[in-house]
Amino acid sequence: MSQEERMNRRKRKKRIRYALFGFVLVYIFFRSVPSLFAIGTKTELPEKYSVDDKISTEAIIIKDETVYTSDGAGQVKFIAKEGERVPVGAKILELTLLSDTSQLKERLEEIENKIAVLSETGGENSREKDNGNKIKDGIDDVIDEIQASISREKFDIADDLKDKLISYYNKEMEISYDDTLIGYSLEALEKEKQEIEKQISNSIVNYYSKISGIVSYKFDGYEKDYTVANKDLYNYSDFKSIKEQLKSSATGEKVEVRQPIFKIINNFEWYMLIKIDNVDDIEGYKEGDSILLSGKDIIGNLRGHIEKISIEGDKGVILCRFNRNFENYYDKRYIKLDIIKNKYDSFRIKKKCVIEKDGLKGVYIKDISGIVRFRPIEIISEDEDYVYISTGDKNNYIYIEEGDKRLRTVRQFDEIILNPSYVEEGMILE
């Protein structure tokens, strides 16, 4: 075989190899096109979702707390558990006195004085009640004047009236104290006197609940600062310096004279003072309305009633009253929460599906005939991965351009195209 023939044979083999290689490339290309197209036309149905229109803020919890202090230095032994609800007369703890019984002796003297006073009260009780009614009327009048001054933005007058109101409250507390004193029976006082005399001799003081409620051995230092009696006096500025510093004791811990040792909290009625940074956010709320709360520090949803709305310029506070779920908040003073203004039904779709076409945000869907259609959307809210869109009216229409234009939006069984860059409107998909 000549050299020329050998060269021609080699060239033919090369051409055959190139042809085979090209055929393989073309085959691979045509095999991959359908899978690439399938990725571009993958769809997903919208997911029904409830969206909250909310105001994120903070609140101070106001509780009806009765604090009990130690009658002497000694060691405590807790009988009731932290957070336990107890009836009137339940034994809460024991205090073993070290040596000083002077406080017990003072209490004994107080009881003896009460017994003497009760013997002389007689008809004075009705006169004190009349004075109490006059003071109550005076408190109501001052509160009305404070509200009127704030509405007229005469805050200096409101500040002066606040001092007058506190004076009335002090007088009311004095009369209330006297009224309570008269309510004691001589028999009960004699019994308490005998108990104290026995405790002095044994150096063990037993503490019982005088009211029903939840027991707590935790103190944050705000028990006297935020009270139910003064709930109408608090305002926006009370949020400036609030810090939660819970303190608690342990079984066997030594306590000093007059040191707080436990408290009983009324669990039937409690309050929140909610901070409002922009009063426009609560437009439509009024006193007497119900209010729905949620958030990180709220378990589930919590519903209460608005007792008072106080406004200072463009800021304010809402005083809310509650009568349930107190066991979840009895040991808290400051919490963060959300005010739920409205709940909306929406569809949740992946954020990557959203495009803009002719100045409108929307998505591509595949209709029942396989044709790609553009559907405008109205976004209610969004997070990192999803957008939450309006479902429209009962026929799934939304209104755009200030309500002049009515367009059909996404429906529940529309197939939303996940990769809109792979398709165009009017394209027919299998």
# chains A, B, ... in the order shown; residues from 1 in each chain; ligands from 1
call {"tool": "residues_around", "arguments": {"residues": "segment 56-60 of chain A", "least_positions_apart": "3", "cutoff": "8 Å", "atoms": "only C-alpha atoms", "output": "CSV table (one decimal) with C-alpha atoms, in the first residue's frame"}}
result
chain,number,residue,atom,x,y,z
A,239,PHE,CA,-41.6,53.9,80.0
A,272,MET,CA,-51.4,46.6,81.1
A,273,LEU,CA,-50.2,50.1,80.2
A,274,ILE,CA,-49.3,49.9,76.5
A,275,LYS,CA,-47.0,52.4,74.9
A,276,ILE,CA,-48.1,54.1,71.7
A,333,ARG,CA,-43.5,43.7,84.8
A,334,TYR,CA,-42.3,44.7,81.4
A,335,ILE,CA,-43.0,42.9,78.1
A,336,LYS,CA,-42.9,43.4,74.3
A,337,LEU,CA,-46.0,42.7,72.3
A,338,ASP,CA,-48.0,43.4,69.2
A,339,ILE,CA,-51.4,45.0,68.9
call {"tool": "residues_around", "arguments": {"residues": "Val372 of chain A", "least_positions_apart": "6", "cutoff": "7 Å", "atoms": "only C-alpha atoms", "output": "list in words"}}
result
Tyr364, Ile365, Lys366, Glu424, Glu425, Gly426, Met427 and Ile428 of chain A
call {"tool": "write_last_selection", "arguments": {"atoms": "N, CA and C atoms", "output": "short mmCIF file (atom, residue, chain, number, x, y, z; two decimals), in the first residue's frame"}}
result
data_model
loop_
_atom_site.label_atom_id
_atom_site.label_comp_id
_atom_site.auth_asym_id
_atom_site.auth_seq_id
_atom_site.Cartn_x
_atom_site.Cartn_y
_atom_site.Cartn_z
N TYR A 364 -46.61 35.03 36.72
CA TYR A 364 -47.09 34.26 35.58
C TYR A 364 -47.77 33.00 36.10
N ILE A 365 -48.93 32.69 35.53
CA ILE A 365 -49.62 31.45 35.85
C ILE A 365 -49.85 30.65 34.58
N LYS A 366 -50.05 29.34 34.73
CA LYS A 366 -50.46 28.49 33.61
C LYS A 366 -51.94 28.21 33.77
N GLU A 424 -42.83 33.42 28.63
CA GLU A 424 -43.42 34.70 28.23
C GLU A 424 -44.92 34.56 28.18
N GLU A 425 -45.61 35.68 28.34
CA GLU A 425 -47.08 35.65 28.30
C GLU A 425 -47.54 35.20 26.92
N GLY A 426 -48.52 34.31 26.91
CA GLY A 426 -49.07 33.77 25.66
C GLY A 426 -48.44 32.46 25.25
N MET A 427 -47.30 32.09 25.85
CA MET A 427 -46.66 30.82 25.53
C MET A 427 -47.59 29.68 25.92
N ILE A 428 -47.59 28.61 25.14
CA ILE A 428 -48.41 27.43 25.43
C ILE A 428 -47.51 26.36 26.02
#
call {"tool": "residues_around", "arguments": {"residues": "Thr43 of chain A", "least_positions_apart": "3", "cutoff": "6 Å", "atoms": "only C-alpha atoms", "output": "number ranges by chain"}}
result
A: 415-418
call {"tool": "write_last_selection", "arguments": {"atoms": "N, CA and C atoms", "output": "compact mmCIF listing (two decimals), in the first residue's frame"}}
result
# COMPACT_ATOMS: atom_id res chain seq x y z
N GLU A 415 -51.97 27.77 38.83
CA GLU A 415 -50.62 27.19 38.88
C GLU A 415 -49.61 28.32 38.63
N ILE A 416 -48.89 28.71 39.66
CA ILE A 416 -47.94 29.82 39.56
C ILE A 416 -46.60 29.28 39.07
N ILE A 417 -46.04 29.91 38.05
CA ILE A 417 -44.76 29.48 37.47
C ILE A 417 -43.63 29.96 38.37
N LEU A 418 -42.78 29.01 38.80
CA LEU A 418 -41.75 29.32 39.80
C LEU A 418 -40.55 30.04 39.19
call {"tool": "closest_residue", "arguments": {"among": "A:Ser310, A:Ser185, A:Thr391, A:Asn301", "to": "Asp345 of chain A", "atoms": "only C-alpha atoms"}}
result
A:Thr391
call {"tool": "residues_around", "arguments": {"residues": "Lys315 of chain A", "least_positions_apart": "3", "cutoff": "12 Å", "atoms": "only C-alpha atoms", "output": "list of chain:residue names"}}
result
A:Asn235, A:Tyr236, A:Ser237, A:Ile274, A:Lys275, A:Ile276, A:Asp277, A:Asn278, A:Val279, A:Asp280, A:Asp281, A:Ile282, A:Ile309, A:Ser310, A:Ile311, A:Glu312, A:Ile318
call {"tool": "write_last_selection", "arguments": {"atoms": "N, CA and C atoms", "output": "compact mmCIF listing (two decimals), in the first residue's frame"}}
result
# COMPACT_ATOMS: atom_id res chain seq x y z
N ASN A 235 -48.54 57.55 82.40
CA ASN A 235 -48.53 58.09 81.04
C ASN A 235 -47.30 57.62 80.27
N TYR A 236 -47.08 58.21 79.12
CA TYR A 236 -46.02 57.77 78.20
C TYR A 236 -44.64 57.83 78.85
N SER A 237 -44.39 58.80 79.69
CA SER A 237 -43.07 58.98 80.29
C SER A 237 -42.72 57.87 81.27
N ILE A 274 -49.97 50.15 77.78
CA ILE A 274 -49.33 49.89 76.49
C ILE A 274 -48.85 51.19 75.87
N LYS A 275 -47.61 51.20 75.45
CA LYS A 275 -46.97 52.39 74.89
C LYS A 275 -47.36 52.56 73.42
N ILE A 276 -47.74 53.79 73.04
CA ILE A 276 -48.09 54.10 71.66
C ILE A 276 -47.18 55.23 71.18
N ASP A 277 -46.30 54.93 70.23
CA ASP A 277 -45.34 55.94 69.74
C ASP A 277 -45.95 56.89 68.72
N ASN A 278 -47.02 56.46 68.07
CA ASN A 278 -47.70 57.30 67.09
C ASN A 278 -49.20 57.08 67.23
N VAL A 279 -49.92 58.09 67.71
CA VAL A 279 -51.35 57.92 67.99
C VAL A 279 -52.16 57.65 66.72
N ASP A 280 -51.60 57.99 65.56
CA ASP A 280 -52.31 57.69 64.31
C ASP A 280 -52.47 56.18 64.12
N ASP A 281 -51.56 55.39 64.73
CA ASP A 281 -51.63 53.93 64.60
C ASP A 281 -52.86 53.34 65.28
N ILE A 282 -53.41 54.06 66.26
CA ILE A 282 -54.56 53.51 67.00
C ILE A 282 -55.85 54.26 66.65
N ILE A 309 -57.60 55.74 77.24
CA ILE A 309 -56.60 56.15 76.25
C ILE A 309 -56.12 57.55 76.63
N SER A 310 -54.82 57.69 76.88
CA SER A 310 -54.24 58.99 77.25
C SER A 310 -53.29 59.43 76.15
N ILE A 311 -53.46 60.65 75.67
CA ILE A 311 -52.67 61.17 74.55
C ILE A 311 -51.87 62.38 74.99
N GLU A 312 -50.58 62.40 74.63
CA GLU A 312 -49.71 63.54 74.87
C GLU A 312 -49.07 63.92 73.54
N ILE A 318 -52.28 53.24 76.20
CA ILE A 318 -53.59 52.59 76.34
C ILE A 318 -53.57 51.78 77.63
call {"tool": "select_by_dssp", "arguments": {"residues": "segment 171-281 of chain A", "states": "strand (DSSP E or B)", "output": "PyMOL selection string"}}
result
chain A and resi 204-208+213-216+218-219+227+247-248+254-255+260-265+270-276
call {"tool": "atom_distance", "arguments": {"atom1": "atom CA of Lys224 of chain A", "atom2": "atom CA of Glu269 of chain A"}}
result
17.6 Å
call {"tool": "closest_residue", "arguments": {"among": "A:Arg324, A:Lys341, A:Lys63, A:Lys308", "to": "Gly284 of chain A", "atoms": "only C-alpha atoms"}}
result
A:Lys341
call {"tool": "residues_around", "arguments": {"residues": "Lys247 of chain A", "least_positions_apart": "6", "cutoff": "10 Å", "atoms": "only C-alpha atoms", "output": "PyMOL selection string"}}
result
chain A and resi 217-221
call {"tool": "write_last_selection", "arguments": {"atoms": "N, CA and C atoms", "output": "PDB file, in the first residue's frame"}}
result
ATOM      1  N   TYR A 217     -42.837  34.833  95.499  1.00  0.00           N
ATOM      2  CA  TYR A 217     -41.715  35.228  96.348  1.00  0.00           C
ATOM      3  C   TYR A 217     -40.730  36.105  95.570  1.00  0.00           C
ATOM      4  N   LYS A 218     -41.149  36.564  94.389  1.00  0.00           N
ATOM      5  CA  LYS A 218     -40.304  37.388  93.528  1.00  0.00           C
ATOM      6  C   LYS A 218     -40.705  38.851  93.636  1.00  0.00           C
ATOM      7  N   PHE A 219     -39.712  39.718  93.706  1.00  0.00           N
ATOM      8  CA  PHE A 219     -39.949  41.159  93.814  1.00  0.00           C
ATOM      9  C   PHE A 219     -39.089  41.883  92.791  1.00  0.00           C
ATOM     10  N   ASP A 220     -39.669  42.880  92.121  1.00  0.00           N
ATOM     11  CA  ASP A 220     -38.913  43.639  91.123  1.00  0.00           C
ATOM     12  C   ASP A 220     -38.664  45.080  91.542  1.00  0.00           C
ATOM     13  N   GLY A 221     -39.141  45.473  92.727  1.00  0.00           N
ATOM     14  CA  GLY A 221     -38.915  46.833  93.200  1.00  0.00           C
ATOM     15  C   GLY A 221     -39.937  47.838  92.717  1.00  0.00           C
TER      16      GLY A 221
END
call {"tool": "closest_residue", "arguments": {"among": "A:Gln103, A:Asn395, A:Asn266, A:Ser50", "to": "Thr69 of chain A", "atoms": "only C-alpha atoms"}}
result
A:Gln103
call {"tool": "residues_around", "arguments": {"residues": "Glu109 of chain A", "least_positions_apart": "5", "cutoff": "12 Å", "atoms": "only C-alpha atoms", "output": "number ranges by chain"}}
result
A: 102-104, 114-116, 189, 192-193, 196-197
call {"tool": "write_last_selection", "arguments": {"atoms": "C-alpha atoms", "output": "PDB file, in the first residue's frame"}}
result
ATOM      1  CA  SER A 102     -39.933  43.624 118.877  1.00  0.00           C
ATOM      2  CA  GLN A 103     -41.996  43.702 115.667  1.00  0.00           C
ATOM      3  CA  LEU A 104     -44.367  41.094 117.019  1.00  0.00           C
ATOM      4  CA  LYS A 114     -57.841  48.336 117.413  1.00  0.00           C
ATOM      5  CA  ILE A 115     -59.857  46.511 120.043  1.00  0.00           C
ATOM      6  CA  ALA A 116     -60.038  49.734 122.075  1.00  0.00           C
ATOM      7  CA  LEU A 189     -59.049  40.494 116.860  1.00  0.00           C
ATOM      8  CA  GLU A 192     -55.272  37.163 116.397  1.00  0.00           C
ATOM      9  CA  LYS A 193     -54.028  38.628 119.663  1.00  0.00           C
ATOM     10  CA  ILE A 196     -49.375  36.591 118.333  1.00  0.00           C
ATOM     11  CA  GLU A 197     -48.883  36.103 122.039  1.00  0.00           C
TER      12      GLU A 197
END
call {"tool": "closest_atom_pairs", "arguments": {"of": "segment 253-334 of chain A", "to": "segment 200-213 of chain A", "cutoff": "7 Å", "atoms": "only C-alpha atoms", "output": "JSON lines"}}
result
{"residue": "A:Ile264", "atom": "CA", "partner": "A:Gly213", "partner_atom": "CA", "distance": 5.6}
{"residue": "A:Ile265", "atom": "CA", "partner": "A:Gly213", "partner_atom": "CA", "distance": 5.1}
{"residue": "A:Asn266", "atom": "CA", "partner": "A:Gly213", "partner_atom": "CA", "distance": 4.7}
{"residue": "A:Asn267", "atom": "CA", "partner": "A:Gly213", "partner_atom": "CA", "distance": 5.6}
call {"tool": "write_last_selection", "arguments": {"atoms": "C-alpha atoms", "output": "short mmCIF file (atom, residue, chain, number, x, y, z; two decimals), in the first residue's frame"}}
result
data_model
loop_
_atom_site.label_atom_id
_atom_site.label_comp_id
_atom_site.auth_asym_id
_atom_site.auth_seq_id
_atom_site.Cartn_x
_atom_site.Cartn_y
_atom_site.Cartn_z
CA ILE A 264 -50.42 37.70 97.10
CA ILE A 265 -51.58 38.94 93.70
CA ASN A 266 -55.21 39.26 92.66
CA ASN A 267 -55.54 37.00 89.61
#
call {"tool": "residues_around", "arguments": {"residues": "Tyr226 of chain A", "least_positions_apart": "2", "cutoff": "9 Å", "atoms": "only C-alpha atoms", "output": "list in words"}}
result
Ile60, Ile61, Ile62, Lys63, Tyr222, Glu223, Lys224, Val228, Ala229, Asn230, Lys231 and Tyr234 of chain A
call {"tool": "write_last_selection", "arguments": {"atoms": "N, CA and C atoms", "output": "mmCIF file, in the first residue's frame"}}
result
data_model
loop_
_atom_site.group_PDB
_atom_site.id
_atom_site.type_symbol
_atom_site.label_atom_id
_atom_site.label_comp_id
_atom_site.auth_asym_id
_atom_site.auth_seq_id
_atom_site.Cartn_x
_atom_site.Cartn_y
_atom_site.Cartn_z
ATOM 1 N N ILE A 60 -46.234 47.822 80.294
ATOM 2 C CA ILE A 60 -45.954 47.632 81.714
ATOM 3 C C ILE A 60 -47.172 46.935 82.317
ATOM 4 N N ILE A 61 -46.933 45.864 83.068
ATOM 5 C CA ILE A 61 -48.029 45.135 83.708
ATOM 6 C C ILE A 61 -48.290 45.732 85.090
ATOM 7 N N ILE A 62 -49.551 46.061 85.330
ATOM 8 C CA ILE A 62 -49.971 46.648 86.615
ATOM 9 C C ILE A 62 -50.826 45.612 87.343
ATOM 10 N N LYS A 63 -50.413 45.290 88.578
ATOM 11 C CA LYS A 63 -51.063 44.208 89.326
ATOM 12 C C LYS A 63 -51.568 44.708 90.675
ATOM 13 N N TYR A 222 -40.901 47.396 91.880
ATOM 14 C CA TYR A 222 -41.903 48.310 91.331
ATOM 15 C C TYR A 222 -43.289 48.088 91.945
ATOM 16 N N GLU A 223 -43.368 47.306 93.002
ATOM 17 C CA GLU A 223 -44.662 47.002 93.612
ATOM 18 C C GLU A 223 -45.393 48.262 94.072
ATOM 19 N N LYS A 224 -44.648 49.258 94.558
ATOM 20 C CA LYS A 224 -45.272 50.503 95.017
ATOM 21 C C LYS A 224 -45.371 51.546 93.899
ATOM 22 N N VAL A 228 -52.689 49.294 91.164
ATOM 23 C CA VAL A 228 -54.033 49.403 90.584
ATOM 24 C C VAL A 228 -54.711 50.688 91.035
ATOM 25 N N ALA A 229 -54.448 51.115 92.270
ATOM 26 C CA ALA A 229 -55.075 52.334 92.794
ATOM 27 C C ALA A 229 -54.697 53.562 91.969
ATOM 28 N N ASN A 230 -53.491 53.562 91.393
ATOM 29 C CA ASN A 230 -53.013 54.728 90.632
ATOM 30 C C ASN A 230 -52.995 54.484 89.129
ATOM 31 N N LYS A 231 -53.701 53.468 88.668
ATOM 32 C CA LYS A 231 -53.604 53.065 87.267
ATOM 33 C C LYS A 231 -53.969 54.173 86.285
ATOM 34 N N TYR A 234 -50.812 56.984 85.160
ATOM 35 C CA TYR A 234 -49.594 56.705 84.420
ATOM 36 C C TYR A 234 -49.707 57.205 82.988
#
call {"tool": "atom_distance", "arguments": {"atom1": "atom CA of Phe322 of chain A", "atom2": "atom CA of Gly304 of chain A"}}
result
4.9 Å
call {"tool": "closest_residue", "arguments": {"among": "A:Val354, A:Ile299, A:Ile242, A:Val255", "to": "Ile377 of chain A", "atoms": "only C-alpha atoms"}}
result
A:Val354
call {"tool": "closest_residue", "arguments": {"among": "A:Gln259, A:Thr66, A:Thr41, A:Ser290", "to": "Leu95 of chain A", "atoms": "only C-alpha atoms"}}
result
A:Gln259
call {"tool": "closest_residue", "arguments": {"among": "A:Leu97, A:Tyr271, A:Gly288, A:Ser390", "to": "Tyr49 of chain A", "atoms": "only C-alpha atoms"}}
result
A:Ser390
call {"tool": "select_by_dssp", "arguments": {"residues": "segment 171-270 of chain A", "states": "alpha helix (DSSP H)", "output": "PyMOL selection string"}}
result
chain A and resi 171-183+186-202
